[in-house]
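Structure file entry04.txt; described as compact mmCIF, C-alpha atoms.
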# COMPACT_ATOMS: atom_id res chain seq x y z
CA MET A 1 16.36 -48.62 27.66
CA ASN A 2 15.11 -45.13 26.84
CA ILE A 3 17.28 -42.18 27.87
CA ASN A 4 15.12 -39.15 28.56
CA ILE A 5 17.23 -36.02 28.23
CA PRO A 6 15.42 -32.68 28.67
CA TRP A 7 15.58 -30.14 25.87
CA TRP A 8 18.01 -27.93 27.78
CA GLY A 9 20.29 -30.94 28.20
CA TYR A 10 20.59 -31.25 24.44
CA VAL A 11 21.24 -27.50 24.24
CA ILE A 12 24.15 -27.83 26.67
CA LEU A 13 25.55 -30.83 24.76
CA ALA A 14 25.29 -28.97 21.44
CA GLY A 15 27.02 -25.93 22.93
CA LEU A 16 29.81 -28.11 24.33
CA ALA A 17 30.27 -29.87 20.98
CA TRP A 18 30.31 -26.73 18.83
CA GLY A 19 32.23 -24.70 21.39
CA THR A 20 35.10 -27.18 21.51
CA TYR A 21 35.16 -27.91 17.78
CA VAL A 22 37.41 -25.07 16.59
CA PRO A 23 40.31 -25.52 19.07
CA ILE A 24 40.15 -29.33 18.82
CA ILE A 25 40.20 -29.43 15.01
CA PHE A 26 43.00 -26.86 14.85
CA TYR A 27 45.19 -28.86 17.22
CA GLY A 28 44.37 -32.13 15.46
CA GLY A 29 45.26 -30.71 12.06
CA THR A 30 48.50 -29.30 13.45
CA GLU A 31 49.50 -32.69 14.86
CA LEU A 32 48.75 -34.43 11.55
CA ALA A 33 50.70 -31.90 9.45
CA SER A 34 54.30 -32.40 8.41
CA LYS A 35 56.92 -29.75 7.66
CA GLN A 36 57.09 -30.88 4.04
CA SER A 37 53.29 -30.91 3.58
CA PRO A 38 51.30 -28.76 6.03
CA LEU A 39 48.26 -29.03 3.78
CA GLY A 40 48.23 -32.78 4.32
CA GLY A 41 47.43 -32.30 7.99
CA ARG A 42 44.36 -30.20 7.18
CA LEU A 43 43.12 -32.72 4.64
CA ALA A 44 43.70 -35.55 7.12
CA SER A 45 41.69 -33.69 9.76
CA ILE A 46 38.83 -33.29 7.25
CA LEU A 47 39.03 -37.04 6.63
CA CYS A 48 38.75 -37.69 10.37
CA VAL A 49 35.73 -35.38 10.62
CA GLY A 50 34.13 -37.23 7.70
CA ALA A 51 34.74 -40.57 9.39
CA ALA A 52 33.09 -39.31 12.58
CA TYR A 53 30.15 -37.98 10.54
CA PHE A 54 29.81 -41.36 8.84
CA VAL A 55 29.70 -43.25 12.14
CA LEU A 56 27.38 -40.83 13.96
CA GLY A 57 25.38 -39.60 10.97
CA VAL A 58 25.05 -42.79 8.90
CA MET A 59 25.72 -45.93 10.90
CA VAL A 60 23.89 -44.94 14.10
CA PRO A 61 20.66 -43.77 12.34
CA MET A 62 20.61 -46.89 10.13
CA ILE A 63 20.94 -49.16 13.17
CA LEU A 64 18.23 -47.32 15.10
CA MET A 65 15.85 -47.30 12.10
CA SER A 66 16.31 -51.04 11.67
CA LEU A 67 15.78 -51.86 15.35
CA ARG A 68 13.04 -49.49 16.51
CA VAL A 69 9.49 -49.44 15.23
CA ASP A 70 9.06 -45.76 16.14
CA ALA A 71 12.13 -44.79 14.09
CA LYS A 72 10.76 -45.50 10.61
CA PRO A 73 10.93 -42.36 8.42
CA GLU A 74 8.63 -41.31 5.62
CA TRP A 75 10.92 -40.74 2.66
CA LYS A 76 9.79 -37.49 1.01
CA THR A 77 11.62 -35.56 -1.69
CA ASN A 78 11.59 -32.23 0.14
CA GLY A 79 12.83 -33.85 3.32
CA LEU A 80 15.68 -35.60 1.52
CA ILE A 81 16.73 -32.47 -0.39
CA PHE A 82 16.76 -30.07 2.54
CA SER A 83 18.27 -32.57 4.96
CA GLY A 84 21.00 -33.15 2.41
CA LEU A 85 21.52 -29.41 2.07
CA ALA A 86 21.85 -29.17 5.84
CA GLY A 87 24.54 -31.84 5.71
CA VAL A 88 26.35 -29.92 2.97
CA ALA A 89 26.17 -26.72 5.03
CA GLY A 90 27.59 -28.49 8.07
CA ALA A 91 30.40 -30.09 6.07
CA VAL A 92 31.27 -26.82 4.31
CA GLY A 93 31.37 -25.05 7.67
CA ALA A 94 33.70 -27.69 9.11
CA ILE A 95 36.03 -27.48 6.09
CA CYS A 96 36.04 -23.67 6.20
CA VAL A 97 37.01 -23.70 9.88
CA ILE A 98 39.94 -26.00 9.13
CA PHE A 99 41.24 -23.94 6.21
CA ALA A 100 40.57 -20.64 7.99
CA SER A 101 43.00 -21.70 10.69
CA LYS A 102 45.67 -22.61 8.16
CA ALA A 103 45.15 -19.44 6.10
CA ALA A 104 45.31 -17.25 9.21
CA VAL A 105 48.61 -18.78 10.30
CA ASP A 106 50.07 -18.51 6.79
CA GLN A 107 49.02 -14.86 6.48
CA ALA A 108 50.53 -14.03 9.86
CA LYS A 109 53.84 -15.53 8.77
CA LEU A 110 53.79 -13.51 5.55
CA ASP A 111 53.09 -10.31 7.50
CA GLY A 112 55.93 -11.05 9.91
CA VAL A 113 53.72 -11.20 13.01
CA ASP A 114 53.00 -13.89 15.58
CA ALA A 115 51.35 -17.01 14.13
CA ALA A 116 48.29 -16.61 16.39
CA SER A 117 47.71 -12.94 15.54
CA TYR A 118 44.89 -13.62 13.07
CA ARG A 119 43.84 -17.10 14.20
CA ILE A 120 42.48 -15.74 17.49
CA TYR A 121 39.68 -14.01 15.57
CA ILE A 122 38.32 -17.18 13.90
CA ALA A 123 36.24 -18.70 16.70
CA PRO A 124 34.88 -15.37 18.00
CA LEU A 125 33.76 -14.29 14.52
CA ILE A 126 32.18 -17.65 13.64
CA PHE A 127 30.24 -18.06 16.88
CA SER A 128 29.03 -14.45 16.89
CA LEU A 129 28.09 -14.45 13.20
CA ALA A 130 26.28 -17.81 13.12
CA PRO A 131 23.54 -16.99 15.70
CA ALA A 132 22.80 -13.69 13.97
CA ILE A 133 22.42 -15.39 10.57
CA ASN A 134 20.29 -18.15 12.12
CA THR A 135 17.92 -15.65 13.70
CA LEU A 136 17.61 -13.51 10.58
CA LEU A 137 16.91 -16.57 8.40
CA SER A 138 14.27 -17.77 10.87
CA LEU A 139 12.58 -14.37 10.66
CA LEU A 140 12.34 -14.57 6.86
CA TRP A 141 11.84 -18.26 6.09
CA HIS A 142 8.73 -20.04 7.40
CA PRO A 143 8.51 -23.43 5.62
CA LYS A 144 5.37 -25.53 5.94
CA PRO A 145 4.80 -29.23 5.23
CA GLY A 146 5.01 -29.60 1.45
CA GLU A 147 5.62 -25.84 1.01
CA PRO A 148 9.31 -25.08 1.55
CA TRP A 149 9.35 -21.69 -0.21
CA ASN A 150 7.21 -19.75 2.21
CA PHE A 151 8.72 -16.37 3.04
CA ALA A 152 7.34 -13.60 5.19
CA PHE A 153 8.76 -10.90 7.39
CA ASP A 154 7.22 -9.45 10.50
CA MET A 155 9.16 -6.54 11.91
CA PRO A 156 10.16 -7.54 15.45
CA GLY A 157 10.38 -5.19 18.39
CA TRP A 158 13.59 -3.49 19.41
CA LYS A 159 14.41 -6.25 21.88
CA LEU A 160 15.25 -8.80 19.18
CA PRO A 161 17.85 -6.78 17.21
CA ALA A 162 19.28 -5.43 20.46
CA GLY A 163 19.53 -8.96 21.83
CA ILE A 164 21.19 -10.27 18.67
CA LEU A 165 23.73 -7.45 18.79
CA LEU A 166 24.47 -7.94 22.48
CA VAL A 167 24.82 -11.71 22.11
CA ALA A 168 27.12 -11.32 19.10
CA VAL A 169 29.30 -8.72 20.83
CA GLY A 170 29.36 -10.66 24.09
CA THR A 171 30.26 -13.93 22.37
CA PHE A 172 33.00 -12.22 20.40
CA LEU A 173 34.51 -10.57 23.48
CA VAL A 174 34.40 -13.76 25.58
CA LEU A 175 36.02 -15.93 22.92
CA MET A 176 38.44 -13.17 21.92
CA SER A 177 39.67 -12.79 25.50
CA LYS A 178 40.20 -16.54 25.73
CA GLU A 179 42.13 -16.71 22.46
CA ASP A 180 44.17 -13.63 23.38
CA ALA A 181 45.11 -15.12 26.75
CA GLU A 182 46.25 -18.34 25.08
CA ALA A 183 48.34 -16.40 22.55
CA LYS A 184 50.05 -14.41 25.33
CA ALA A 185 50.75 -17.60 27.27
CA LYS A 186 52.43 -19.14 24.22
CA LYS A 187 54.59 -16.04 23.79
CA ALA A 188 55.61 -16.16 27.45
CA HIS A 189 56.71 -19.80 27.21
CA ALA A 190 58.43 -19.44 23.84
CA PRO A 191 62.22 -19.93 24.03
CA LYS A 192 64.17 -16.71 23.71
CA PRO A 193 66.76 -16.54 20.91
CA ALA A 194 70.35 -16.80 22.03
CA ALA A 195 72.27 -13.51 22.14
CA ALA A 196 74.74 -13.07 19.31
CA THR A 197 78.38 -13.06 20.35
CA THR A 198 81.19 -11.18 18.60
CA PRO A 199 84.32 -13.33 18.08
CA VAL A 200 87.52 -11.91 19.61
CA VAL A 201 90.47 -11.73 17.15
CA ALA A 202 93.95 -11.79 18.69
CA ALA A 203 96.38 -9.11 17.47
CA ALA A 204 99.24 -10.36 15.31
CA PRO A 205 102.79 -9.88 16.76
CA VAL A 206 104.94 -7.16 15.19
CA GLU A 207 108.10 -8.45 13.53
CA GLY A 208 111.44 -7.05 14.68
CA GLY A 209 110.17 -5.52 17.90
CA ASN A 210 107.42 -5.17 20.42
CA ALA A 211 104.08 -3.39 20.07
CA SER A 212 105.61 0.01 20.94
CA GLY A 213 108.06 -0.12 18.05
CA LYS A 214 111.18 -0.41 20.23
CA THR A 215 113.97 -2.76 19.05
As structure tokens, the full file:
Amino acid sequence: MNINIPWWGYVILAGLAWGTYVPIIFYGGTELASKQSPLGGRLASILCVGAAYFVLGVMVPMILMSLRVDAKPEWKTNGLIFSGLAGVAGAVGAICVIFASKAAVDQAKLDGVDAASYRIYIAPLIFSLAPAINTLLSLLWHPKPGEPWNFAFDMPGWKLPAGILLVAVGTFLVLMSKEDAEAKAKKAHAPKPAAATTPVVAAAPVEGGNASGKT
């Protein structure tokens, strides 16, 4: 049975997947970490991401290529190299997100501020920076079949740079407001430290008389 999903449906699915990646992987790594080895949780989360990549990126394509006649690829060197580089870029990005979260929390603890003080900037910066880099690269790099190193630059109108800037700023503000709200909610629900009490010391009795000195 063929499932016909329109192009905008795939766009929505990709946005949902990438938009939920950062908070999900941060929480997963936190749950897998131990007090003795916090780094172990991050490495375990990378292992889980790799396992998911293997199932979805290796097993599923191999099964489809073996079952469907219209899914037979033409193995070309350029295609293998650049597809592999895309996989490396995706894996490096996933690893950097995981370690960025850990480094941000560690730095906040060293600076004596709330643990979420720096972490709230990670998702807004990533998802505002990535579209800008993607658009700029697409303006410069125009590969053709068999000719990967084809570069040219046509100066776009003012609408493109203005749009990139507005999208980047808007994405940053939306995600930043969400992260900031979550950080404030955690502070509000955090248990307050118990007030310190001063122990009361009883006065020692005076020998040979009462406190006024009378015998």
Review point. What does the distance between atom CA of Gly163 of chain A and atom CA of Ala132 of chain A come to in Å, to one decimal place?
Key: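 Distance between the two atoms: 9.7 Å.
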**Study point:** For Ser101 of chain A: contacts at 8 Å, only C-alpha atoms, fewer than 5 positions along chain excluded, given as a ChimeraX atom specification
**Key:** /A:26,119,122
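For the pair atom CA of Gly19 of chain A and atom CA of Leu175 of chain A, the separation is 9.7 Å.
You will find atom CA of Arg42 of chain A at 5.0 Å from atom CA of Gly29 of chain A.
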Point to revise | Within 12 Å of file point (11.2, -9.0, 5.2), counting all atoms listed in the file, expressed as number ranges by chain | key: A: 136-142, 150-156
Write the residues of the preceding selection, restricted to C-alpha atoms, as a short mmCIF file (atom, residue, chain, number, x, y, z; two decimals), in the frame of the given file.
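Written out: out_4.cif:
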data_model
loop_
_atom_site.label_atom_id
_atom_site.label_comp_id
_atom_site.auth_asym_id
_atom_site.auth_seq_id
_atom_site.Cartn_x
_atom_site.Cartn_y
_atom_site.Cartn_z
CA LEU A 136 17.61 -13.51 10.58
CA LEU A 137 16.91 -16.57 8.40
CA SER A 138 14.27 -17.77 10.87
CA LEU A 139 12.58 -14.37 10.66
CA LEU A 140 12.34 -14.57 6.86
CA TRP A 141 11.84 -18.26 6.09
CA HIS A 142 8.73 -20.04 7.40
CA ASN A 150 7.21 -19.75 2.21
CA PHE A 151 8.72 -16.37 3.04
CA ALA A 152 7.34 -13.60 5.19
CA PHE A 153 8.76 -10.90 7.39
CA ASP A 154 7.22 -9.45 10.50
CA MET A 155 9.16 -6.54 11.91
CA PRO A 156 10.16 -7.54 15.45
#
Can you report as lines of an AutoDock Vina configuration file the centre and edge lengths in Å, to one decimal, of an axis-aligned box around the listed atoms of segment 89-104 of chain A padded with 6 Å on each side?
center_x = 35.9
center_y = -23.7
center_z = 7.5
size_x = 31.5
size_y = 24.8
size_z = 18.4
Revision key, fill the gap. Min atom-atom distance to Lys184 of chain A from the set A:Ser45, A:Thr171, A:Ser117, A:Ser66, counting all atoms listed in the file, belongs to A:Ser117
Review point. Hey, what's within 12 Å of Met62 of chain A if we count only C-alpha atoms and toss same-chain stuff fewer than 5 positions away? As a ChimeraX atom specification, please?
Key: /A:54-57,67-68,71-73
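Take the candidates A:Gly157, A:Phe172, A:Val69, A:Trp8 and check each one against Ala130 of chain A using all atoms listed in the file; the shortest distance goes to A:Phe172.
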Considering all atoms listed in the file, tabulate each residue of segment 74-114 of chain A that lies at most 9 Å from segment 20-24 of chain A along with its nearest interatomic pair and the corresponding distance in Å to one decimal; arrange the rows by chain and ascending residue number and present them as JSON lines.
{"residue": "A:Ala94", "atom": "CA", "partner": "A:Val22", "partner_atom": "CA", "distance": 8.8}
{"residue": "A:Val97", "atom": "CA", "partner": "A:Val22", "partner_atom": "CA", "distance": 6.9}
{"residue": "A:Ile98", "atom": "CA", "partner": "A:Val22", "partner_atom": "CA", "distance": 7.9}
{"residue": "A:Ser101", "atom": "CA", "partner": "A:Val22", "partner_atom": "CA", "distance": 8.8}
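Of the residues under consideration (A:Ala33, A:Met176, A:Leu13, A:Leu43), A:Leu43 shows the shortest atom-to-atom contact distance to Phe99 of chain A when counting only C-alpha atoms.
Among the candidates A:Asp106, A:Pro145, A:Val11, A:Tyr53, the one nearest to Leu39 of chain A when counting all atoms listed in the file is A:Asp106.
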Practice item. Select, from A:Ile120, A:Ala17, A:Ile164, A:Leu64, the residue with the minimum atom-to-atom distance to Val105 of chain A, counting all atoms listed in the file. Key: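 With all atoms listed in the file as the atom set, the closest residue is A:Ile120.
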**Study point:** Counting only C-alpha atoms, the residue of A:Val58, A:Leu129, A:Ala162, A:Ile12 that sits nearest Gly87 of chain A
**Key:**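 Using only C-alpha atoms, the shortest distance to Gly87 of chain A belongs to A:Val58.
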